[in-house]
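Undergrad: Sharing a structure with you now.
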Amino acid sequence: MLDKDQIAAASQVLVQHWRDGTKLDALEVRLQPQSRAEGYAIQAALERQSSGKLFGWKIAATSEAGQKHINVAGPMAGRIMSDTVIADGGAAPMKGNEMRVGEPEFAFRMGRNLPPRAAPYTVDEVLAAVETLHPAIEIPDSRFADFVSAGEAQLIADNACAHLFVLGAPTIANWRAMDLIEERPQITLRGERYVGHGRNVLGDPRAALAWLANELSGLGITLRAGQVVTTGTCHPPLPIAAGDHLAVDFGVLGTVSVGFA
């Protein structure tokens with residue numbers, strides 16, 4: 001098991017690569033997490049070193065396509081820091097980004113706390129704690145040059161490939177009465193059109209949100225009011241490059257867009 005010094009050292013390595021925009025092959029063997037729990041411990045240390053504040057949470061690999069993209073078997077939670085949030089319609093820098101994909105997502109802002117507890121939260125309980133629903137775009141990346149072979153524990157330590165995030169305006173539609181499973185966001189990129197599907201997000205974006213609440217609960221972490229949870233891509237990750245513009249129309253739920261510089 002990693003001790004506190006090893007956890008701190010591993011996080012320092014990852015933070016330095018984040019700040020420098022550089023990549024590493026792998027953490028030193030003595031610093032490599034061997035379990036999800038150790039990966040999350042390193043991730044928590046990343047938060048303490050960040051210049052930003054905790055804005056919310058992301059879920060990586062909620063779709064089969066997303067899992068194949070980074071070669072993991074299931075979803076992982078990561079932290080969204082305030083200094084990584086890009087304004088809706090703004091420009092996301094591509095420098096140092098090797099993953100180079102954009103992901104249209106359903107995001108929820110919490111209205112009240114969900115503290116850790118022994119019993120799992122139900123989907124209905126988690127939804128009752130939500131304040132607003134937002135269209136969103138995630139722009140993931142990894143500090144590992146070969147993120148496909150880094151493995152689940154190291155990718156969790158690497159903040160579940162969190163990089164940049166775009167949050168659209170809260171929807172004014174009655175989203176609680178809608179079947180988000182069958183929502184099909186219209187995506188425009190380089191003049192091409194793509195169609196997402198709510199069912200790609202762990203079968204249901206609302207189920208993904210509940211998964212996140214329970215993952216945090218198991219780690220002894222409170223999902224707090226005001227925090228945003230983005231639930232994972234509803235379309236296979238879309239390749240992006242500098243000069244591109246990615247726009248997503250979620251119909252009555254709203255729109256969100258970002259350019260790449």
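So you can find residues: chains in the structure tokens are A, B, ... in the order shown, residues in each start at 1, and ligands are numbered from 1 in order.
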Determine, using only C-alpha atoms, which residues of segment 152-182 of chain A have any atom at most 10 Å from an atom of segment 129-145 of chain A, and tabulate each with its shortest atom pair and distance in Å to one decimal place, rows ordered by chain and then rising number, as a Markdown table.

TA:
```
| residue | atom | partner | partner_atom | distance |
| --- | --- | --- | --- | --- |
| A:Gln154 | CA | A:Phe144 | CA | 8.8 |
| A:Leu155 | CA | A:Ser142 | CA | 7.7 |
| A:Asp158 | CA | A:Arg143 | CA | 6.6 |
| A:Asn159 | CA | A:Ser142 | CA | 8.4 |
| A:Ala160 | CA | A:Ser142 | CA | 7.9 |
| A:Cys161 | CA | A:Ser142 | CA | 4.8 |
| A:Ala162 | CA | A:Pro140 | CA | 5.1 |
| A:His163 | CA | A:Pro140 | CA | 4.8 |
| A:Leu164 | CA | A:Ile139 | CA | 5.0 |
| A:Phe165 | CA | A:Glu138 | CA | 4.6 |
| A:Val166 | CA | A:Ile137 | CA | 5.1 |
| A:Leu167 | CA | A:Ala136 | CA | 4.6 |
| A:Gly168 | CA | A:Pro135 | CA | 5.1 |
| A:Ala169 | CA | A:His134 | CA | 5.9 |
| A:Pro170 | CA | A:His134 | CA | 4.6 |
| A:Thr171 | CA | A:His134 | CA | 5.8 |
| A:Ile172 | CA | A:Leu133 | CA | 8.7 |
| A:Ala173 | CA | A:Leu133 | CA | 9.1 |
| A:Asn174 | CA | A:Leu133 | CA | 9.6 |
| A:Trp175 | CA | A:Leu133 | CA | 7.4 |
| A:Arg176 | CA | A:Leu133 | CA | 9.2 |
```

Undergrad: What does the file look like for those residues with all heavy atoms, as a compact mmCIF listing (two decimals), in the first residue's frame?

TA:
```txt
# COMPACT_ATOMS: atom_id res chain seq x y z
N GLN A 154 -4.08 4.15 -12.30
CA GLN A 154 -3.29 5.34 -12.66
C GLN A 154 -4.18 6.40 -13.30
O GLN A 154 -3.96 7.60 -13.08
CB GLN A 154 -2.16 4.97 -13.62
CG GLN A 154 -0.97 4.30 -12.95
CD GLN A 154 0.29 4.39 -13.79
OE1 GLN A 154 1.25 5.03 -13.40
NE2 GLN A 154 0.29 3.74 -14.95
N LEU A 155 -5.18 6.00 -14.09
CA LEU A 155 -6.07 6.99 -14.71
C LEU A 155 -6.94 7.68 -13.66
O LEU A 155 -7.22 8.87 -13.79
CB LEU A 155 -6.93 6.32 -15.78
CG LEU A 155 -6.20 5.90 -17.05
CD1 LEU A 155 -7.14 5.20 -18.01
CD2 LEU A 155 -5.52 7.09 -17.73
N ASP A 158 -4.85 10.16 -12.17
CA ASP A 158 -4.70 11.22 -13.16
C ASP A 158 -5.99 12.01 -13.32
O ASP A 158 -6.25 12.61 -14.35
CB ASP A 158 -4.28 10.59 -14.49
CG ASP A 158 -3.93 11.62 -15.56
OD1 ASP A 158 -3.42 12.69 -15.21
OD2 ASP A 158 -4.20 11.34 -16.74
N ASN A 159 -6.82 11.99 -12.27
CA ASN A 159 -8.08 12.74 -12.22
C ASN A 159 -9.07 12.28 -13.27
O ASN A 159 -9.85 13.08 -13.80
CB ASN A 159 -7.83 14.25 -12.34
CG ASN A 159 -8.92 15.08 -11.69
OD1 ASN A 159 -9.76 14.54 -10.96
ND2 ASN A 159 -8.92 16.37 -11.95
N ALA A 160 -9.02 10.97 -13.57
CA ALA A 160 -9.96 10.37 -14.52
C ALA A 160 -9.97 11.13 -15.85
O ALA A 160 -11.01 11.31 -16.47
CB ALA A 160 -11.37 10.29 -13.92
N CYS A 161 -8.77 11.57 -16.25
CA CYS A 161 -8.59 12.26 -17.54
C CYS A 161 -9.32 13.60 -17.62
O CYS A 161 -9.68 14.06 -18.71
CB CYS A 161 -9.01 11.37 -18.71
SG CYS A 161 -8.11 9.80 -18.79
N ALA A 162 -9.54 14.24 -16.48
CA ALA A 162 -10.13 15.58 -16.49
C ALA A 162 -9.15 16.57 -17.12
O ALA A 162 -7.95 16.50 -16.88
CB ALA A 162 -10.48 16.02 -15.08
N HIS A 163 -9.68 17.49 -17.92
CA HIS A 163 -8.82 18.50 -18.56
C HIS A 163 -9.55 19.84 -18.61
O HIS A 163 -9.32 20.69 -17.77
CB HIS A 163 -8.40 18.02 -19.95
CG HIS A 163 -7.49 18.96 -20.68
ND1 HIS A 163 -6.34 19.47 -20.11
CD2 HIS A 163 -7.57 19.51 -21.92
CE1 HIS A 163 -5.74 20.28 -20.97
NE2 HIS A 163 -6.47 20.33 -22.07
N LEU A 164 -10.48 20.01 -19.56
CA LEU A 164 -11.25 21.24 -19.67
C LEU A 164 -12.74 20.92 -19.73
O LEU A 164 -13.13 19.83 -20.14
CB LEU A 164 -10.83 22.02 -20.93
CG LEU A 164 -9.36 22.46 -20.99
CD1 LEU A 164 -9.05 23.08 -22.35
CD2 LEU A 164 -9.02 23.43 -19.87
N PHE A 165 -13.56 21.90 -19.35
CA PHE A 165 -15.00 21.66 -19.25
C PHE A 165 -15.76 22.92 -19.62
O PHE A 165 -15.38 24.02 -19.23
CB PHE A 165 -15.34 21.24 -17.81
CG PHE A 165 -16.80 21.01 -17.56
CD1 PHE A 165 -17.49 19.99 -18.20
CD2 PHE A 165 -17.50 21.83 -16.69
CE1 PHE A 165 -18.85 19.79 -17.98
CE2 PHE A 165 -18.85 21.63 -16.44
CZ PHE A 165 -19.52 20.60 -17.10
N VAL A 166 -16.85 22.75 -20.38
CA VAL A 166 -17.70 23.86 -20.81
C VAL A 166 -19.11 23.59 -20.30
O VAL A 166 -19.70 22.55 -20.60
CB VAL A 166 -17.73 23.98 -22.34
CG1 VAL A 166 -18.51 25.23 -22.76
CG2 VAL A 166 -16.31 24.00 -22.91
N LEU A 167 -19.67 24.54 -19.55
CA LEU A 167 -21.01 24.39 -18.99
C LEU A 167 -21.97 25.36 -19.65
O LEU A 167 -21.75 26.57 -19.63
CB LEU A 167 -20.98 24.64 -17.48
CG LEU A 167 -22.30 24.40 -16.74
CD1 LEU A 167 -22.65 22.91 -16.74
CD2 LEU A 167 -22.22 24.93 -15.31
N GLY A 168 -23.04 24.81 -20.24
CA GLY A 168 -24.07 25.66 -20.83
C GLY A 168 -25.01 26.22 -19.78
O GLY A 168 -24.94 25.87 -18.59
N ALA A 169 -25.91 27.06 -20.21
CA ALA A 169 -26.89 27.67 -19.30
C ALA A 169 -27.86 26.61 -18.78
O ALA A 169 -28.13 25.62 -19.46
CB ALA A 169 -27.65 28.77 -20.03
N PRO A 170 -28.39 26.81 -17.58
CA PRO A 170 -29.38 25.86 -17.07
C PRO A 170 -30.62 25.84 -17.95
O PRO A 170 -31.07 26.89 -18.42
CB PRO A 170 -29.69 26.39 -15.66
CG PRO A 170 -29.32 27.83 -15.70
CD PRO A 170 -28.16 27.93 -16.65
N THR A 171 -31.15 24.67 -18.20
CA THR A 171 -32.34 24.58 -19.03
C THR A 171 -33.57 25.14 -18.29
O THR A 171 -33.67 25.02 -17.07
CB THR A 171 -32.61 23.12 -19.45
OG1 THR A 171 -33.76 23.09 -20.30
CG2 THR A 171 -32.88 22.23 -18.25
N ILE A 172 -34.46 25.73 -19.06
CA ILE A 172 -35.71 26.20 -18.48
C ILE A 172 -36.84 25.20 -18.75
O ILE A 172 -37.96 25.38 -18.29
CB ILE A 172 -36.10 27.60 -19.02
CG1 ILE A 172 -36.26 27.57 -20.54
CG2 ILE A 172 -35.05 28.63 -18.60
CD1 ILE A 172 -36.79 28.86 -21.13
N ALA A 173 -36.52 24.14 -19.50
CA ALA A 173 -37.52 23.11 -19.80
C ALA A 173 -37.77 22.25 -18.57
O ALA A 173 -36.93 22.16 -17.66
CB ALA A 173 -37.04 22.24 -20.96
N ASN A 174 -38.91 21.59 -18.54
CA ASN A 174 -39.24 20.68 -17.44
C ASN A 174 -38.55 19.33 -17.69
O ASN A 174 -39.18 18.36 -18.08
CB ASN A 174 -40.76 20.50 -17.35
CG ASN A 174 -41.16 19.60 -16.18
OD1 ASN A 174 -40.36 19.32 -15.27
ND2 ASN A 174 -42.40 19.11 -16.20
N TRP A 175 -37.27 19.32 -17.43
CA TRP A 175 -36.46 18.14 -17.75
C TRP A 175 -36.84 16.93 -16.90
O TRP A 175 -36.64 15.78 -17.31
CB TRP A 175 -34.98 18.45 -17.59
CG TRP A 175 -34.57 18.83 -16.20
CD1 TRP A 175 -34.52 20.09 -15.68
CD2 TRP A 175 -34.13 17.96 -15.17
NE1 TRP A 175 -34.10 20.06 -14.38
CE2 TRP A 175 -33.84 18.76 -14.04
CE3 TRP A 175 -33.94 16.58 -15.07
CZ2 TRP A 175 -33.38 18.22 -12.83
CZ3 TRP A 175 -33.49 16.04 -13.89
CH2 TRP A 175 -33.22 16.85 -12.78
N ARG A 176 -37.40 17.19 -15.71
CA ARG A 176 -37.77 16.07 -14.84
C ARG A 176 -38.90 15.22 -15.45
O ARG A 176 -39.05 14.05 -15.10
CB ARG A 176 -38.19 16.58 -13.46
CG ARG A 176 -37.05 17.25 -12.70
CD ARG A 176 -37.50 17.75 -11.35
NE ARG A 176 -36.47 18.55 -10.71
CZ ARG A 176 -35.48 18.05 -9.95
NH1 ARG A 176 -35.42 16.76 -9.73
NH2 ARG A 176 -34.58 18.85 -9.41
```

Undergrad: Can you list, as a count of residues only, every protein, DNA or RNA residue that comes within 9 Å of Gln49 of chain A when you count only C-alpha atoms, leaving out same-chain residues fewer than 4 positions away?

TA: 4

Undergrad: Determine the nearest neighbour of Gly220 of chain A from the options A:Leu114, A:Arg79, A:Lys58, A:Glu105, counting only C-alpha atoms.

TA: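 Of A:Leu114, A:Arg79, A:Lys58, A:Glu105, the one nearest Gly220 of chain A is A:Leu114, counting only C-alpha atoms.
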
Undergrad: Give the answer as one residue: which of A:Glu47, A:Asp20, A:Asp124, A:Asp244 has the shortest atom-to-atom distance to Gly102 of chain A, using only C-alpha atoms?

TA: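 For Gly102 of chain A, the nearest of the candidates is A:Asp244.
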
Undergrad: For the atom pair atom CA of Glu182 of chain A and atom CA of Gly254 of chain A, what is the interatomic distance in Å to one decimal place?

TA: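 Straight-line distance from atom CA of Glu182 of chain A to atom CA of Gly254 of chain A works out to 15.7 Å.
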
Undergrad: Measuring atom to atom with only C-alpha atoms, identify which of A:Met178, A:Ala150, A:Leu253, A:Leu219 is nearest to Arg117 of chain A.

TA: A:Leu219

Undergrad: Would you give me, as a PyMOL selection string, the residues in segment 190-230 of chain A that DSSP reads as alpha helix (DSSP H)?

TA: chain A and resi 205-218

Undergrad: For the residues selected in the previous step, produce a file with N, CA and C atoms as an mmCIF file, in the first residue's frame.

TA:
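Final output, part.cif:
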```cif
data_model
loop_
_atom_site.group_PDB
_atom_site.id
_atom_site.type_symbol
_atom_site.label_atom_id
_atom_site.label_comp_id
_atom_site.auth_asym_id
_atom_site.auth_seq_id
_atom_site.Cartn_x
_atom_site.Cartn_y
_atom_site.Cartn_z
ATOM 1 N N PRO A 205 -28.514 9.065 -18.186
ATOM 2 C CA PRO A 205 -27.705 10.074 -17.480
ATOM 3 C C PRO A 205 -28.065 10.198 -16.001
ATOM 4 N N ARG A 206 -29.331 9.955 -15.663
ATOM 5 C CA ARG A 206 -29.761 10.049 -14.258
ATOM 6 C C ARG A 206 -29.156 8.914 -13.438
ATOM 7 N N ALA A 207 -29.043 7.730 -14.042
ATOM 8 C CA ALA A 207 -28.388 6.608 -13.357
ATOM 9 C C ALA A 207 -26.903 6.888 -13.166
ATOM 10 N N ALA A 208 -26.295 7.563 -14.157
ATOM 11 C CA ALA A 208 -24.883 7.933 -14.026
ATOM 12 C C ALA A 208 -24.680 8.900 -12.868
ATOM 13 N N LEU A 209 -25.589 9.863 -12.725
ATOM 14 C CA LEU A 209 -25.508 10.805 -11.605
ATOM 15 C C LEU A 209 -25.590 10.076 -10.268
ATOM 16 N N ALA A 210 -26.506 9.115 -10.173
ATOM 17 C CA ALA A 210 -26.623 8.335 -8.939
ATOM 18 C C ALA A 210 -25.365 7.513 -8.696
ATOM 19 N N TRP A 211 -24.775 6.981 -9.776
ATOM 20 C CA TRP A 211 -23.514 6.240 -9.629
ATOM 21 C C TRP A 211 -22.455 7.132 -8.988
ATOM 22 N N LEU A 212 -22.349 8.371 -9.461
ATOM 23 C CA LEU A 212 -21.345 9.295 -8.931
ATOM 24 C C LEU A 212 -21.584 9.581 -7.453
ATOM 25 N N ALA A 213 -22.839 9.832 -7.087
ATOM 26 C CA ALA A 213 -23.164 10.107 -5.683
ATOM 27 C C ALA A 213 -22.745 8.935 -4.801
ATOM 28 N N ASN A 214 -22.983 7.727 -5.281
ATOM 29 C CA ASN A 214 -22.638 6.543 -4.482
ATOM 30 C C ASN A 214 -21.143 6.256 -4.495
ATOM 31 N N GLU A 215 -20.465 6.571 -5.598
ATOM 32 C CA GLU A 215 -19.013 6.413 -5.634
ATOM 33 C C GLU A 215 -18.366 7.347 -4.607
ATOM 34 N N LEU A 216 -18.830 8.592 -4.558
ATOM 35 C CA LEU A 216 -18.296 9.537 -3.574
ATOM 36 C C LEU A 216 -18.646 9.110 -2.158
ATOM 37 N N SER A 217 -19.871 8.650 -1.960
ATOM 38 C CA SER A 217 -20.284 8.189 -0.635
ATOM 39 C C SER A 217 -19.359 7.091 -0.136
ATOM 40 N N GLY A 218 -19.023 6.162 -1.022
ATOM 41 C CA GLY A 218 -18.124 5.072 -0.642
ATOM 42 C C GLY A 218 -16.723 5.544 -0.304
#
```

Undergrad: A:Ala242, A:Met110, A:Ile80, A:Ala41: which is nearest Asp5 of chain A, counting only C-alpha atoms?

TA: A:Ala41

Undergrad: Residues within 12 Å of Gln186 of chain A, please, as a list in words. Count only C-alpha atoms; anything in the same chain fewer than 4 positions from it doesn't count.

TA: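 The neighbour list is Pro104, Glu105, Pro135, Glu192, Arg193, Tyr194, Val195, Gly196, His197, Gly198, Cys234, His235, Leu246, Ala247, Val248, Asp249, Phe250, Gly251, Val252, Leu253, Gly254, Thr255, Val256 and Ser257 of chain A.
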
Undergrad: Might you pull out every residue within 8 Å of Asp83 of chain A, with only C-alpha atoms counted and same-chain residues fewer than 4 positions away left off, and present them as a PDB file with all heavy atoms, in the first residue's frame?

TA:
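Okay, result10.pdb is ready:
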```
ATOM      1  N   SER A  51      -4.613  25.296  -8.029  1.00  0.00           N
ATOM      2  CA  SER A  51      -4.794  26.731  -7.803  1.00  0.00           C
ATOM      3  C   SER A  51      -6.270  27.106  -7.857  1.00  0.00           C
ATOM      4  O   SER A  51      -6.649  28.216  -7.469  1.00  0.00           O
ATOM      5  CB  SER A  51      -4.018  27.528  -8.859  1.00  0.00           C
ATOM      6  OG  SER A  51      -4.453  27.188 -10.162  1.00  0.00           O
ATOM      7  N   GLY A  52      -7.111  26.195  -8.364  1.00  0.00           N
ATOM      8  CA  GLY A  52      -8.539  26.448  -8.427  1.00  0.00           C
ATOM      9  C   GLY A  52      -9.281  25.796  -7.279  1.00  0.00           C
ATOM     10  O   GLY A  52      -8.694  25.120  -6.430  1.00  0.00           O
ATOM     11  N   LYS A  53     -10.589  26.012  -7.268  1.00  0.00           N
ATOM     12  CA  LYS A  53     -11.448  25.390  -6.264  1.00  0.00           C
ATOM     13  C   LYS A  53     -12.244  24.264  -6.913  1.00  0.00           C
ATOM     14  O   LYS A  53     -12.399  24.225  -8.137  1.00  0.00           O
ATOM     15  CB  LYS A  53     -12.394  26.438  -5.664  1.00  0.00           C
ATOM     16  CG  LYS A  53     -11.674  27.532  -4.882  1.00  0.00           C
ATOM     17  CD  LYS A  53     -12.673  28.526  -4.289  1.00  0.00           C
ATOM     18  CE  LYS A  53     -11.950  29.607  -3.482  1.00  0.00           C
ATOM     19  NZ  LYS A  53     -12.908  30.582  -2.896  1.00  0.00           N
TER      20      LYS A  53
END
```
